[in-house]
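Asker: Just so it is clear, I am handing over coords31.pdb, which has PDB, C-alpha atoms.
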ATOM      1  CA  MET A   1      10.223  13.209 -23.357  1.00  0.00           C
ATOM      2  CA  ARG A   2       8.756  12.078 -20.039  1.00  0.00           C
ATOM      3  CA  VAL A   3       6.631   9.119 -19.013  1.00  0.00           C
ATOM      4  CA  ASP A   4       4.677   9.711 -15.767  1.00  0.00           C
ATOM      5  CA  GLY A   5       7.409  11.858 -14.312  1.00  0.00           C
ATOM      6  CA  ALA A   6      10.331   9.721 -15.508  1.00  0.00           C
ATOM      7  CA  SER A   7      12.629  10.952 -18.257  1.00  0.00           C
ATOM      8  CA  THR A   8      12.888   8.718 -21.292  1.00  0.00           C
ATOM      9  CA  SER A   9      15.355   8.353 -24.124  1.00  0.00           C
ATOM     10  CA  ASP A  10      15.586   6.241 -27.242  1.00  0.00           C
ATOM     11  CA  LYS A  11      16.439   3.368 -24.899  1.00  0.00           C
ATOM     12  CA  GLY A  12      13.356   3.754 -22.724  1.00  0.00           C
ATOM     13  CA  PRO A  13      12.970   5.211 -19.205  1.00  0.00           C
ATOM     14  CA  GLU A  14      16.328   6.352 -17.867  1.00  0.00           C
ATOM     15  CA  HIS A  15      15.892   4.631 -14.500  1.00  0.00           C
ATOM     16  CA  VAL A  16      15.610   1.258 -16.245  1.00  0.00           C
ATOM     17  CA  ALA A  17      18.919   1.910 -17.990  1.00  0.00           C
ATOM     18  CA  VAL A  18      20.494   3.021 -14.696  1.00  0.00           C
ATOM     19  CA  LEU A  19      19.442  -0.122 -12.867  1.00  0.00           C
ATOM     20  CA  LEU A  20      20.550  -2.372 -15.735  1.00  0.00           C
ATOM     21  CA  GLY A  21      23.901  -0.592 -15.744  1.00  0.00           C
ATOM     22  CA  ARG A  22      24.383  -1.220 -12.023  1.00  0.00           C
ATOM     23  CA  LEU A  23      23.511  -4.880 -12.550  1.00  0.00           C
ATOM     24  CA  ARG A  24      25.865  -5.018 -15.564  1.00  0.00           C
ATOM     25  CA  LEU A  25      22.957  -5.828 -17.860  1.00  0.00           C
ATOM     26  CA  ALA A  26      23.023  -2.657 -19.970  1.00  0.00           C
ATOM     27  CA  TRP A  27      23.823  -4.788 -23.020  1.00  0.00           C
ATOM     28  CA  LEU A  28      20.179  -5.858 -23.072  1.00  0.00           C
ATOM     29  CA  LEU A  29      19.226  -2.425 -24.391  1.00  0.00           C
ATOM     30  CA  ASP A  30      21.542  -2.931 -27.375  1.00  0.00           C
ATOM     31  CA  HIS A  31      20.007  -6.277 -28.333  1.00  0.00           C
ATOM     32  CA  PHE A  32      16.298  -5.945 -27.549  1.00  0.00           C
ATOM     33  CA  PRO A  33      13.587  -3.312 -28.133  1.00  0.00           C
ATOM     34  CA  PRO A  34      13.535  -0.767 -25.259  1.00  0.00           C
ATOM     35  CA  ARG A  35       9.828  -1.255 -24.593  1.00  0.00           C
ATOM     36  CA  ALA A  36      10.327  -5.019 -24.311  1.00  0.00           C
ATOM     37  CA  VAL A  37      13.127  -4.474 -21.780  1.00  0.00           C
ATOM     38  CA  TRP A  38      10.906  -2.054 -19.854  1.00  0.00           C
ATOM     39  CA  ALA A  39       8.101  -4.617 -19.843  1.00  0.00           C
ATOM     40  CA  VAL A  40      10.452  -7.250 -18.435  1.00  0.00           C
ATOM     41  CA  TYR A  41      11.651  -4.749 -15.812  1.00  0.00           C
ATOM     42  CA  VAL A  42       8.078  -4.186 -14.621  1.00  0.00           C
ATOM     43  CA  ALA A  43       7.314  -7.918 -14.766  1.00  0.00           C
ATOM     44  CA  VAL A  44      10.381  -8.928 -12.750  1.00  0.00           C
ATOM     45  CA  ASN A  45       9.827  -6.286 -10.085  1.00  0.00           C
ATOM     46  CA  GLY A  46       6.165  -7.175  -9.799  1.00  0.00           C
ATOM     47  CA  PHE A  47       7.042 -10.858  -9.470  1.00  0.00           C
ATOM     48  CA  ILE A  48       9.681 -10.269  -6.797  1.00  0.00           C
ATOM     49  CA  THR A  49       7.536  -7.993  -4.635  1.00  0.00           C
ATOM     50  CA  ILE A  50       4.407 -10.136  -4.734  1.00  0.00           C
ATOM     51  CA  ALA A  51       6.369 -13.397  -4.417  1.00  0.00           C
ATOM     52  CA  LEU A  52       8.030 -12.174  -1.215  1.00  0.00           C
ATOM     53  CA  LEU A  53       4.680 -11.188   0.262  1.00  0.00           C
ATOM     54  CA  ALA A  54       3.141 -14.479  -0.878  1.00  0.00           C
ATOM     55  CA  LEU A  55       5.951 -16.371   0.845  1.00  0.00           C
ATOM     56  CA  LEU A  56       5.280 -14.386   4.001  1.00  0.00           C
ATOM     57  CA  ALA A  57       1.582 -15.236   3.686  1.00  0.00           C
ATOM     58  CA  VAL A  58       2.364 -18.957   3.416  1.00  0.00           C
ATOM     59  CA  VAL A  59       4.709 -18.892   6.407  1.00  0.00           C
ATOM     60  CA  THR A  60       2.352 -16.908   8.648  1.00  0.00           C
ATOM     61  CA  GLY A  61      -0.995 -18.109   7.314  1.00  0.00           C
ATOM     62  CA  SER A  62      -2.115 -14.475   7.050  1.00  0.00           C
ATOM     63  CA  PRO A  63      -3.492 -12.490   4.053  1.00  0.00           C
ATOM     64  CA  PHE A  64      -0.334 -10.616   3.070  1.00  0.00           C
ATOM     65  CA  VAL A  65      -1.449 -10.935  -0.568  1.00  0.00           C
ATOM     66  CA  PHE A  66      -4.839  -9.622  -1.677  1.00  0.00           C
ATOM     67  CA  PRO A  67      -6.292  -8.547  -5.063  1.00  0.00           C
ATOM     68  CA  SER A  68      -5.783  -4.780  -4.844  1.00  0.00           C
ATOM     69  CA  LEU A  69      -2.100  -5.246  -4.051  1.00  0.00           C
ATOM     70  CA  GLY A  70      -1.569  -6.151  -7.710  1.00  0.00           C
ATOM     71  CA  PRO A  71      -2.543  -2.786  -9.212  1.00  0.00           C
ATOM     72  CA  THR A  72      -0.631  -1.026  -6.442  1.00  0.00           C
ATOM     73  CA  ALA A  73       2.547  -2.927  -7.350  1.00  0.00           C
ATOM     74  CA  TYR A  74       1.989  -2.083 -11.000  1.00  0.00           C
ATOM     75  CA  LEU A  75       1.649   1.622 -10.239  1.00  0.00           C
ATOM     76  CA  LEU A  76       4.786   1.674  -8.102  1.00  0.00           C
ATOM     77  CA  PHE A  77       6.914   0.338 -10.969  1.00  0.00           C
ATOM     78  CA  ILE A  78       5.219   1.611 -14.130  1.00  0.00           C
ATOM     79  CA  ALA A  79       4.747   5.167 -12.841  1.00  0.00           C
ATOM     80  CA  PRO A  80       6.922   5.483  -9.716  1.00  0.00           C
ATOM     81  CA  LEU A  81       7.115   9.276  -9.840  1.00  0.00           C
ATOM     82  CA  ALA A  82       3.378   9.847 -10.139  1.00  0.00           C
ATOM     83  CA  GLU A  83       1.735  11.433  -7.096  1.00  0.00           C
ATOM     84  CA  ASN A  84      -0.615   8.485  -6.541  1.00  0.00           C
ATOM     85  CA  SER A  85       2.395   6.152  -6.420  1.00  0.00           C
ATOM     86  CA  SER A  86       4.011   7.990  -3.508  1.00  0.00           C
ATOM     87  CA  PRO A  87       4.251   6.213  -0.135  1.00  0.00           C
ATOM     88  CA  ARG A  88       1.832   8.747   1.375  1.00  0.00           C
ATOM     89  CA  ASN A  89      -0.902   8.199  -1.185  1.00  0.00           C
ATOM     90  CA  THR A  90      -0.405   4.439  -1.257  1.00  0.00           C
ATOM     91  CA  ILE A  91      -0.484   3.970   2.509  1.00  0.00           C
ATOM     92  CA  LEU A  92      -3.237   6.501   3.224  1.00  0.00           C
ATOM     93  CA  GLY A  93      -5.320   5.358   0.273  1.00  0.00           C
ATOM     94  CA  HIS A  94      -5.453   1.755   1.441  1.00  0.00           C
ATOM     95  CA  SER A  95      -6.004   2.880   5.044  1.00  0.00           C
ATOM     96  CA  ILE A  96      -9.019   4.910   3.965  1.00  0.00           C
ATOM     97  CA  GLY A  97     -10.316   1.957   1.978  1.00  0.00           C
ATOM     98  CA  LEU A  98      -9.961  -0.401   4.934  1.00  0.00           C
ATOM     99  CA  VAL A  99     -11.681   1.933   7.392  1.00  0.00           C
ATOM    100  CA  CYS A 100     -14.545   2.804   5.045  1.00  0.00           C
ATOM    101  CA  GLY A 101     -14.977  -0.806   4.007  1.00  0.00           C
ATOM    102  CA  TYR A 102     -15.176  -2.096   7.555  1.00  0.00           C
ATOM    103  CA  ALA A 103     -17.473   0.718   8.689  1.00  0.00           C
ATOM    104  CA  ALA A 104     -19.908   0.059   5.848  1.00  0.00           C
ATOM    105  CA  TYR A 105     -19.681  -3.705   6.377  1.00  0.00           C
ATOM    106  CA  SER A 106     -20.586  -3.329  10.049  1.00  0.00           C
ATOM    107  CA  LEU A 107     -23.181  -0.542   9.897  1.00  0.00           C
ATOM    108  CA  THR A 108     -25.308  -1.941   7.050  1.00  0.00           C
ATOM    109  CA  GLY A 109     -25.729  -5.404   8.549  1.00  0.00           C
ATOM    110  CA  ALA A 110     -23.678  -7.051   5.815  1.00  0.00           C
ATOM    111  CA  ALA A 111     -21.626  -8.719   8.545  1.00  0.00           C
ATOM    112  CA  ASN A 112     -24.656 -10.748   9.653  1.00  0.00           C
ATOM    113  CA  LEU A 113     -24.214 -13.229   6.802  1.00  0.00           C
ATOM    114  CA  PRO A 114     -20.799 -14.671   5.808  1.00  0.00           C
ATOM    115  CA  PHE A 115     -19.613 -13.962   2.277  1.00  0.00           C
ATOM    116  CA  GLY A 116     -20.777 -16.573  -0.243  1.00  0.00           C
ATOM    117  CA  VAL A 117     -23.579 -17.975   1.930  1.00  0.00           C
ATOM    118  CA  HIS A 118     -26.517 -16.048   0.433  1.00  0.00           C
ATOM    119  CA  PRO A 119     -27.436 -17.585  -2.964  1.00  0.00           C
ATOM    120  CA  GLY A 120     -29.031 -14.435  -4.409  1.00  0.00           C
ATOM    121  CA  VAL A 121     -28.980 -10.669  -4.069  1.00  0.00           C
ATOM    122  CA  TYR A 122     -28.173  -9.630  -0.512  1.00  0.00           C
ATOM    123  CA  TRP A 123     -29.129  -5.986  -0.195  1.00  0.00           C
ATOM    124  CA  PRO A 124     -27.106  -5.143   2.932  1.00  0.00           C
ATOM    125  CA  ARG A 125     -23.957  -6.219   1.100  1.00  0.00           C
ATOM    126  CA  ILE A 126     -24.858  -4.196  -1.978  1.00  0.00           C
ATOM    127  CA  LEU A 127     -25.479  -1.147   0.200  1.00  0.00           C
ATOM    128  CA  ALA A 128     -22.202  -1.727   2.031  1.00  0.00           C
ATOM    129  CA  ALA A 129     -20.293  -1.868  -1.258  1.00  0.00           C
ATOM    130  CA  ALA A 130     -21.878   1.345  -2.532  1.00  0.00           C
ATOM    131  CA  LEU A 131     -21.328   3.237   0.712  1.00  0.00           C
ATOM    132  CA  SER A 132     -17.747   2.069   1.149  1.00  0.00           C
ATOM    133  CA  LEU A 133     -16.700   3.008  -2.367  1.00  0.00           C
ATOM    134  CA  SER A 134     -18.373   6.421  -2.279  1.00  0.00           C
ATOM    135  CA  ALA A 135     -16.894   7.218   1.147  1.00  0.00           C
ATOM    136  CA  THR A 136     -13.439   6.050   0.085  1.00  0.00           C
ATOM    137  CA  GLY A 137     -13.498   8.217  -3.021  1.00  0.00           C
ATOM    138  CA  ALA A 138     -14.709  11.255  -1.108  1.00  0.00           C
ATOM    139  CA  LEU A 139     -12.096  10.928   1.645  1.00  0.00           C
ATOM    140  CA  MET A 140      -9.260  10.402  -0.821  1.00  0.00           C
ATOM    141  CA  VAL A 141     -10.286  13.637  -2.524  1.00  0.00           C
ATOM    142  CA  LEU A 142     -10.603  15.548   0.771  1.00  0.00           C
ATOM    143  CA  LEU A 143      -7.251  14.294   2.069  1.00  0.00           C
ATOM    144  CA  ARG A 144      -5.535  14.548  -1.322  1.00  0.00           C
ATOM    145  CA  ALA A 145      -4.550  10.906  -1.076  1.00  0.00           C
ATOM    146  CA  ASP A 146      -5.570   9.625  -4.498  1.00  0.00           C
ATOM    147  CA  HIS A 147      -4.693   5.956  -4.983  1.00  0.00           C
ATOM    148  CA  PRO A 148      -7.086   4.082  -7.347  1.00  0.00           C
ATOM    149  CA  PRO A 149      -6.346   0.528  -6.081  1.00  0.00           C
ATOM    150  CA  ALA A 150      -7.810   1.559  -2.704  1.00  0.00           C
ATOM    151  CA  GLY A 151     -11.216   1.397  -4.379  1.00  0.00           C
ATOM    152  CA  ALA A 152     -10.724  -2.349  -4.733  1.00  0.00           C
ATOM    153  CA  THR A 153      -9.490  -2.675  -1.148  1.00  0.00           C
ATOM    154  CA  THR A 154     -12.645  -1.114   0.273  1.00  0.00           C
ATOM    155  CA  LEU A 155     -14.841  -3.483  -1.761  1.00  0.00           C
ATOM    156  CA  ILE A 156     -12.869  -6.515  -0.597  1.00  0.00           C
ATOM    157  CA  VAL A 157     -13.711  -5.524   2.969  1.00  0.00           C
ATOM    158  CA  SER A 158     -17.277  -4.237   2.570  1.00  0.00           C
ATOM    159  CA  LEU A 159     -18.275  -7.357   0.609  1.00  0.00           C
ATOM    160  CA  GLY A 160     -16.978  -9.524   3.431  1.00  0.00           C
ATOM    161  CA  ILE A 161     -14.244 -11.249   1.417  1.00  0.00           C
ATOM    162  CA  ILE A 162     -11.694 -10.202   4.051  1.00  0.00           C
ATOM    163  CA  SER A 163     -13.353  -8.622   7.057  1.00  0.00           C
ATOM    164  CA  LYS A 164     -11.746  -9.687  10.346  1.00  0.00           C
ATOM    165  CA  PRO A 165     -10.012  -6.743  12.101  1.00  0.00           C
ATOM    166  CA  LYS A 166      -6.764  -8.697  12.503  1.00  0.00           C
ATOM    167  CA  ALA A 167      -6.708  -9.416   8.771  1.00  0.00           C
ATOM    168  CA  LEU A 168      -7.253  -5.728   7.993  1.00  0.00           C
ATOM    169  CA  VAL A 169      -4.202  -4.808  10.055  1.00  0.00           C
ATOM    170  CA  ILE A 170      -2.178  -7.399   8.147  1.00  0.00           C
ATOM    171  CA  ILE A 171      -3.374  -5.914   4.857  1.00  0.00           C
ATOM    172  CA  GLU A 172      -2.038  -2.506   5.864  1.00  0.00           C
ATOM    173  CA  VAL A 173       1.252  -4.070   6.979  1.00  0.00           C
ATOM    174  CA  ALA A 174       1.490  -5.691   3.534  1.00  0.00           C
ATOM    175  CA  VAL A 175       1.048  -2.261   1.938  1.00  0.00           C
ATOM    176  CA  PHE A 176       3.890  -0.889   4.090  1.00  0.00           C
ATOM    177  CA  LEU A 177       6.129  -3.790   3.029  1.00  0.00           C
ATOM    178  CA  LEU A 178       5.292  -3.287  -0.643  1.00  0.00           C
ATOM    179  CA  VAL A 179       6.122   0.419  -0.394  1.00  0.00           C
ATOM    180  CA  ALA A 180       9.412  -0.417   1.341  1.00  0.00           C
ATOM    181  CA  GLN A 181      10.339  -2.775  -1.504  1.00  0.00           C
ATOM    182  CA  ALA A 182       9.416  -0.126  -4.071  1.00  0.00           C
ATOM    183  CA  LEU A 183      11.564   2.421  -2.232  1.00  0.00           C
ATOM    184  CA  VAL A 184      14.608   0.144  -2.350  1.00  0.00           C
ATOM    185  CA  ILE A 185      14.183  -0.859  -6.001  1.00  0.00           C
ATOM    186  CA  ASN A 186      13.330   2.620  -7.292  1.00  0.00           C
ATOM    187  CA  ARG A 187      16.193   4.232  -5.369  1.00  0.00           C
ATOM    188  CA  LEU A 188      18.537   1.540  -6.718  1.00  0.00           C
ATOM    189  CA  ALA A 189      17.365   2.516 -10.183  1.00  0.00           C
ATOM    190  CA  GLY A 190      18.401   6.104  -9.496  1.00  0.00           C
ATOM    191  CA  LEU A 191      14.908   7.536  -9.066  1.00  0.00           C
ATOM    192  CA  PRO A 192      14.174  10.202  -6.412  1.00  0.00           C
ATOM    193  CA  TYR A 193      11.387   8.073  -4.971  1.00  0.00           C
ATOM    194  CA  PRO A 194      10.292   9.872  -1.768  1.00  0.00           C
ATOM    195  CA  LEU A 195      10.258   8.514   1.768  1.00  0.00           C
ATOM    196  CA  TRP A 196       6.745   9.893   2.202  1.00  0.00           C
ATOM    197  CA  ARG A 197       5.479  12.415  -0.360  1.00  0.00           C
ATOM    198  CA  TYR A 198       6.669  14.553  -3.231  1.00  0.00           C
ATOM    199  CA  ARG A 199       7.271  18.179  -2.409  1.00  0.00           C
ATOM    200  CA  GLU A 200       5.112  20.517  -4.410  1.00  0.00           C
ATOM    201  CA  LYS A 201       7.165  22.543  -6.862  1.00  0.00           C
ATOM    202  CA  PRO A 202       6.686  26.311  -6.571  1.00  0.00           C
ATOM    203  CA  VAL A 203       4.662  27.800  -9.397  1.00  0.00           C
ATOM    204  CA  PRO A 204       6.852  30.190 -11.427  1.00  0.00           C
ATOM    205  CA  ARG A 205       5.661  33.782 -11.514  1.00  0.00           C
TER     206      ARG A 205
END
Written as structure tokens, that's how I'd like the structure from this file.
Answerer:
Amino acid sequence: MRVDGASTSDKGPEHVAVLLGRLRLAWLLDHFPPRAVWAVYVAVNGFITIALLALLAVVTGSPFVFPSLGPTAYLLFIAPLAENSSPRNTILGHSIGLVCGYAAYSLTGAANLPFGVHPGVYWPRILAAALSLSATGALMVLLRADHPPAGATTLIVSLGIISKPKALVIIEVAVFLLVAQALVINRLAGLPYPLWRYREKPVPR
């Protein structure tokens, strides 16, 4: 049986068992339900990765933590061997979202009014959101860089929640750091998590 590319056994995903064995915590699988242990594994990894970035954000005063980073972290640990969890898709997906979001934010006039100032419907911002999301989806398809959380990233930018160019660069740096953490943790767990992308397997004839 496989779960999103990871082999599973009666004790849950094999990589969880491997990591617990290396940490001398394999006994947990003998005393608790496998799915509960897996849930804790995902929770702990998510906490560590986001906490480190949050600490960096506090120290630097920069937005190293933003909403769409959450679903990205979840993907990297719940389905690490899925194509959209690869470093390539994660990094390119958010890059596309940032570029499309900022382009829509600037071109539609949404940048003329700070976020939260207008008390009602502000059509330039609505148009920016629609354009950014549609462009992000289209480019991810064209470039084969599917990464769903990037849809949230582009809206964060096009709606003006985070829109300064310097902040957008920091957001992409945060994505790189998150991927680096996922690489270390997933490799430690014995998974063949790629440095960039998964190689396409030849189709048997």
Asker: Mind pulling up the distance from CA of Met140 in chain A to CA of Gly109 in chain A?
Answerer: 24.7 Å
Asker: Have a look at CA of Phe66 in chain A and CA of Arg35 in chain A and let me know their distance in Å, one decimal.
Answerer: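 That distance, rounded to one decimal, is 28.5 Å.
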Asker: Around (-1.2, -13.2, 0.7) in the file's frame, which residues reach within 8 Å when counting only C-alpha atoms? Return as an mmCIF file with C-alpha atoms, keeping the file's coordinate frame?
Answerer:
data_model
loop_
_atom_site.group_PDB
_atom_site.id
_atom_site.type_symbol
_atom_site.label_atom_id
_atom_site.label_comp_id
_atom_site.auth_asym_id
_atom_site.auth_seq_id
_atom_site.Cartn_x
_atom_site.Cartn_y
_atom_site.Cartn_z
ATOM 1 C CA LEU A 53 4.680 -11.188 0.262
ATOM 2 C CA ALA A 54 3.141 -14.479 -0.878
ATOM 3 C CA LEU A 55 5.951 -16.371 0.845
ATOM 4 C CA LEU A 56 5.280 -14.386 4.001
ATOM 5 C CA ALA A 57 1.582 -15.236 3.686
ATOM 6 C CA VAL A 58 2.364 -18.957 3.416
ATOM 7 C CA SER A 62 -2.115 -14.475 7.050
ATOM 8 C CA PRO A 63 -3.492 -12.490 4.053
ATOM 9 C CA PHE A 64 -0.334 -10.616 3.070
ATOM 10 C CA VAL A 65 -1.449 -10.935 -0.568
ATOM 11 C CA PHE A 66 -4.839 -9.622 -1.677
#
Asker: Could you list the residues chosen by the PyMOL selection byres ((chain A and resi 146) around 9) in this structure as a count of residues only?
Answerer: 16
Asker: Would you compute the distance between CA of Leu76 in chain A and CA of Ser132 in chain A? Give it in Å to one decimal.
Answerer: 24.4 Å
